[in-house]
Amino acid sequence: MNIDEFEAFKIARIAAHDRGWQWRPPFWISLDEGEWQVHAESECVVRISAQTGDLVPQLGFVDPLIAMAAAKEYALKNDLSWKPAFLLCLTAEGWDVGACQSQFGGQTNIYVSHHGEVIRHQINSK
C-alpha cells in the first residue's frame, strides 16, 4: 500500500504534534528514495515510508558544528573555496554544508555523514 502526499502530510502533522513541535507554514513535501519528507518552517522534518505509511525513525546525527568543522578542514585540504556564508541542511545521509565561493556567488557543498566523515563535495559555480 503506497500512501500519497495527502496521507503523508496528515501523518506528519500528527507526529509533529505528538513531538511537541510547532507546525506552521511554509511546508515542503517531497518523495525521495521511497520516503516522504515533510518539512514545516524548514526546521521540522518528519520522514514517512511511502510504501507502508510508517514513521521512519529519526537518525542520530553528528552535531552541526562538528559537521561544519569537518567540511572546512576538507575544503582547505582540497583547495576549495570557504567564504563566510553557510547553509546547513540535514539530509538522510548526513549534513549538507554549503559555503559561498566568492562575493560574486556560487556554492561549494560538502556532504558530511552522520558519523562526521566527508562523503563527497559538489561545486556549483556561478
# chains A, B, ... in the order shown; residues from 1 in each chain; ligands from 1
>>> residues_around(residues="A:Leu87", least_positions_apart="3", cutoff="9 Å", atoms="only C-alpha atoms", output="list in words")
Asp96, Val97, Gly98, Ala99, Cys100 and Asn109 of chain A
>>> write_last_selection(atoms="C-alpha atoms", output="mmCIF file, in the first residue's frame")
data_model
loop_
_atom_site.group_PDB
_atom_site.id
_atom_site.type_symbol
_atom_site.label_atom_id
_atom_site.label_comp_id
_atom_site.auth_asym_id
_atom_site.auth_seq_id
_atom_site.Cartn_x
_atom_site.Cartn_y
_atom_site.Cartn_z
ATOM 1 C CA ASP A 96 24.943 19.201 3.524
ATOM 2 C CA VAL A 97 27.316 22.045 4.365
ATOM 3 C CA GLY A 98 27.224 24.778 1.752
ATOM 4 C CA ALA A 99 29.786 27.566 1.635
ATOM 5 C CA CYS A 100 29.801 30.616 -0.594
ATOM 6 C CA ASN A 109 28.560 21.862 -0.989
#
>>> closest_residue(among="A:Asp54, A:Glu33, A:Glu93, A:Glu5", to="A:Val118", atoms="only C-alpha atoms")
A:Glu93
>>> select_by_dssp(residues="chain A", states="alpha helix (DSSP H)", output="list in words")
Glu5, Phe6, Glu7, Ala8, Phe9, Lys10, Ile11, Ala12, Arg13, Ile14, Ala15, Ala16, His17, Asp18, Pro64, Leu65, Ile66, Ala67, Met68, Ala69, Ala70, Ala71, Lys72, Glu73, Tyr74, Ala75, Leu76 and Lys77 of chain A
>>> write_last_selection(atoms="N, CA and C atoms", output="PDB file, in the first residue's frame")
ATOM      1  N   GLU A   5       0.731  12.044  -1.049  1.00  0.00           N
ATOM      2  CA  GLU A   5       1.219  13.215  -0.331  1.00  0.00           C
ATOM      3  C   GLU A   5       0.238  13.732   0.709  1.00  0.00           C
ATOM      4  N   PHE A   6      -1.051  13.495   0.489  1.00  0.00           N
ATOM      5  CA  PHE A   6      -2.056  13.956   1.452  1.00  0.00           C
ATOM      6  C   PHE A   6      -1.996  13.143   2.739  1.00  0.00           C
ATOM      7  N   GLU A   7      -1.874  11.832   2.586  1.00  0.00           N
ATOM      8  CA  GLU A   7      -1.761  10.959   3.761  1.00  0.00           C
ATOM      9  C   GLU A   7      -0.437  11.215   4.486  1.00  0.00           C
ATOM     10  N   ALA A   8       0.653  11.424   3.726  1.00  0.00           N
ATOM     11  CA  ALA A   8       1.954  11.717   4.338  1.00  0.00           C
ATOM     12  C   ALA A   8       1.874  13.004   5.157  1.00  0.00           C
ATOM     13  N   PHE A   9       1.214  14.024   4.614  1.00  0.00           N
ATOM     14  CA  PHE A   9       1.086  15.295   5.330  1.00  0.00           C
ATOM     15  C   PHE A   9       0.283  15.115   6.611  1.00  0.00           C
ATOM     16  N   LYS A  10      -0.788  14.327   6.531  1.00  0.00           N
ATOM     17  CA  LYS A  10      -1.631  14.066   7.703  1.00  0.00           C
ATOM     18  C   LYS A  10      -0.828  13.348   8.795  1.00  0.00           C
ATOM     19  N   ILE A  11      -0.064  12.340   8.411  1.00  0.00           N
ATOM     20  CA  ILE A  11       0.750  11.581   9.374  1.00  0.00           C
ATOM     21  C   ILE A  11       1.817  12.486   9.988  1.00  0.00           C
ATOM     22  N   ALA A  12       2.447  13.315   9.157  1.00  0.00           N
ATOM     23  CA  ALA A  12       3.493  14.217   9.644  1.00  0.00           C
ATOM     24  C   ALA A  12       2.925  15.235  10.628  1.00  0.00           C
ATOM     25  N   ARG A  13       1.734  15.750  10.330  1.00  0.00           N
ATOM     26  CA  ARG A  13       1.103  16.737  11.220  1.00  0.00           C
ATOM     27  C   ARG A  13       0.850  16.119  12.590  1.00  0.00           C
ATOM     28  N   ILE A  14       0.364  14.899  12.609  1.00  0.00           N
ATOM     29  CA  ILE A  14       0.093  14.202  13.877  1.00  0.00           C
ATOM     30  C   ILE A  14       1.406  13.930  14.622  1.00  0.00           C
ATOM     31  N   ALA A  15       2.436  13.463  13.879  1.00  0.00           N
ATOM     32  CA  ALA A  15       3.735  13.167  14.509  1.00  0.00           C
ATOM     33  C   ALA A  15       4.363  14.428  15.089  1.00  0.00           C
ATOM     34  N   ALA A  16       4.291  15.531  14.368  1.00  0.00           N
ATOM     35  CA  ALA A  16       4.852  16.791  14.862  1.00  0.00           C
ATOM     36  C   ALA A  16       4.126  17.232  16.133  1.00  0.00           C
ATOM     37  N   HIS A  17       2.817  17.112  16.130  1.00  0.00           N
ATOM     38  CA  HIS A  17       2.029  17.469  17.318  1.00  0.00           C
ATOM     39  C   HIS A  17       2.431  16.594  18.501  1.00  0.00           C
ATOM     40  N   ASP A  18       2.567  15.271  18.261  1.00  0.00           N
ATOM     41  CA  ASP A  18       2.960  14.341  19.328  1.00  0.00           C
ATOM     42  C   ASP A  18       4.357  14.643  19.871  1.00  0.00           C
ATOM     43  N   PRO A  64      25.954  19.757  14.255  1.00  0.00           N
ATOM     44  CA  PRO A  64      26.232  20.562  13.061  1.00  0.00           C
ATOM     45  C   PRO A  64      27.567  21.306  13.118  1.00  0.00           C
ATOM     46  N   LEU A  65      28.035  21.664  14.314  1.00  0.00           N
ATOM     47  CA  LEU A  65      29.344  22.323  14.410  1.00  0.00           C
ATOM     48  C   LEU A  65      30.471  21.366  14.047  1.00  0.00           C
ATOM     49  N   ILE A  66      30.329  20.106  14.423  1.00  0.00           N
ATOM     50  CA  ILE A  66      31.335  19.100  14.052  1.00  0.00           C
ATOM     51  C   ILE A  66      31.314  18.890  12.550  1.00  0.00           C
ATOM     52  N   ALA A  67      30.102  18.838  11.962  1.00  0.00           N
ATOM     53  CA  ALA A  67      29.979  18.681  10.510  1.00  0.00           C
ATOM     54  C   ALA A  67      30.606  19.866   9.790  1.00  0.00           C
ATOM     55  N   MET A  68      30.367  21.068  10.289  1.00  0.00           N
ATOM     56  CA  MET A  68      30.921  22.258   9.665  1.00  0.00           C
ATOM     57  C   MET A  68      32.452  22.255   9.766  1.00  0.00           C
ATOM     58  N   ALA A  69      32.976  21.839  10.910  1.00  0.00           N
ATOM     59  CA  ALA A  69      34.432  21.777  11.082  1.00  0.00           C
ATOM     60  C   ALA A  69      35.043  20.745  10.127  1.00  0.00           C
ATOM     61  N   ALA A  70      34.396  19.597   9.977  1.00  0.00           N
ATOM     62  CA  ALA A  70      34.885  18.574   9.054  1.00  0.00           C
ATOM     63  C   ALA A  70      34.852  19.092   7.620  1.00  0.00           C
ATOM     64  N   ALA A  71      33.790  19.814   7.271  1.00  0.00           N
ATOM     65  CA  ALA A  71      33.670  20.372   5.927  1.00  0.00           C
ATOM     66  C   ALA A  71      34.753  21.414   5.669  1.00  0.00           C
ATOM     67  N   LYS A  72      35.016  22.273   6.653  1.00  0.00           N
ATOM     68  CA  LYS A  72      36.045  23.301   6.479  1.00  0.00           C
ATOM     69  C   LYS A  72      37.423  22.667   6.306  1.00  0.00           C
ATOM     70  N   GLU A  73      37.730  21.698   7.145  1.00  0.00           N
ATOM     71  CA  GLU A  73      39.018  21.005   7.040  1.00  0.00           C
ATOM     72  C   GLU A  73      39.160  20.369   5.664  1.00  0.00           C
ATOM     73  N   TYR A  74      38.091  19.726   5.176  1.00  0.00           N
ATOM     74  CA  TYR A  74      38.093  19.094   3.860  1.00  0.00           C
ATOM     75  C   TYR A  74      38.304  20.150   2.773  1.00  0.00           C
ATOM     76  N   ALA A  75      37.591  21.279   2.883  1.00  0.00           N
ATOM     77  CA  ALA A  75      37.701  22.350   1.887  1.00  0.00           C
ATOM     78  C   ALA A  75      39.140  22.866   1.812  1.00  0.00           C
ATOM     79  N   LEU A  76      39.744  23.113   2.957  1.00  0.00           N
ATOM     80  CA  LEU A  76      41.102  23.643   2.979  1.00  0.00           C
ATOM     81  C   LEU A  76      42.119  22.643   2.422  1.00  0.00           C
ATOM     82  N   LYS A  77      41.957  21.376   2.746  1.00  0.00           N
ATOM     83  CA  LYS A  77      42.874  20.340   2.254  1.00  0.00           C
ATOM     84  C   LYS A  77      42.745  20.128   0.749  1.00  0.00           C
TER      85      LYS A  77
END
>>> closest_residue(among="A:Ser113, A:Ser125, A:Asn78, A:Asn2", to="A:Asp63", atoms="only C-alpha atoms")
A:Ser113
>>> select_by_dssp(residues="chain A", states="strand (DSSP E or B)", output="number ranges by chain")
A: 27-32, 35-40, 44-49, 55, 83-90, 94-102, 105-113, 118-124
>>> atom_distance(atom1="atom CA of A:Gly20", atom2="atom CA of A:Thr91")
21.4 Å
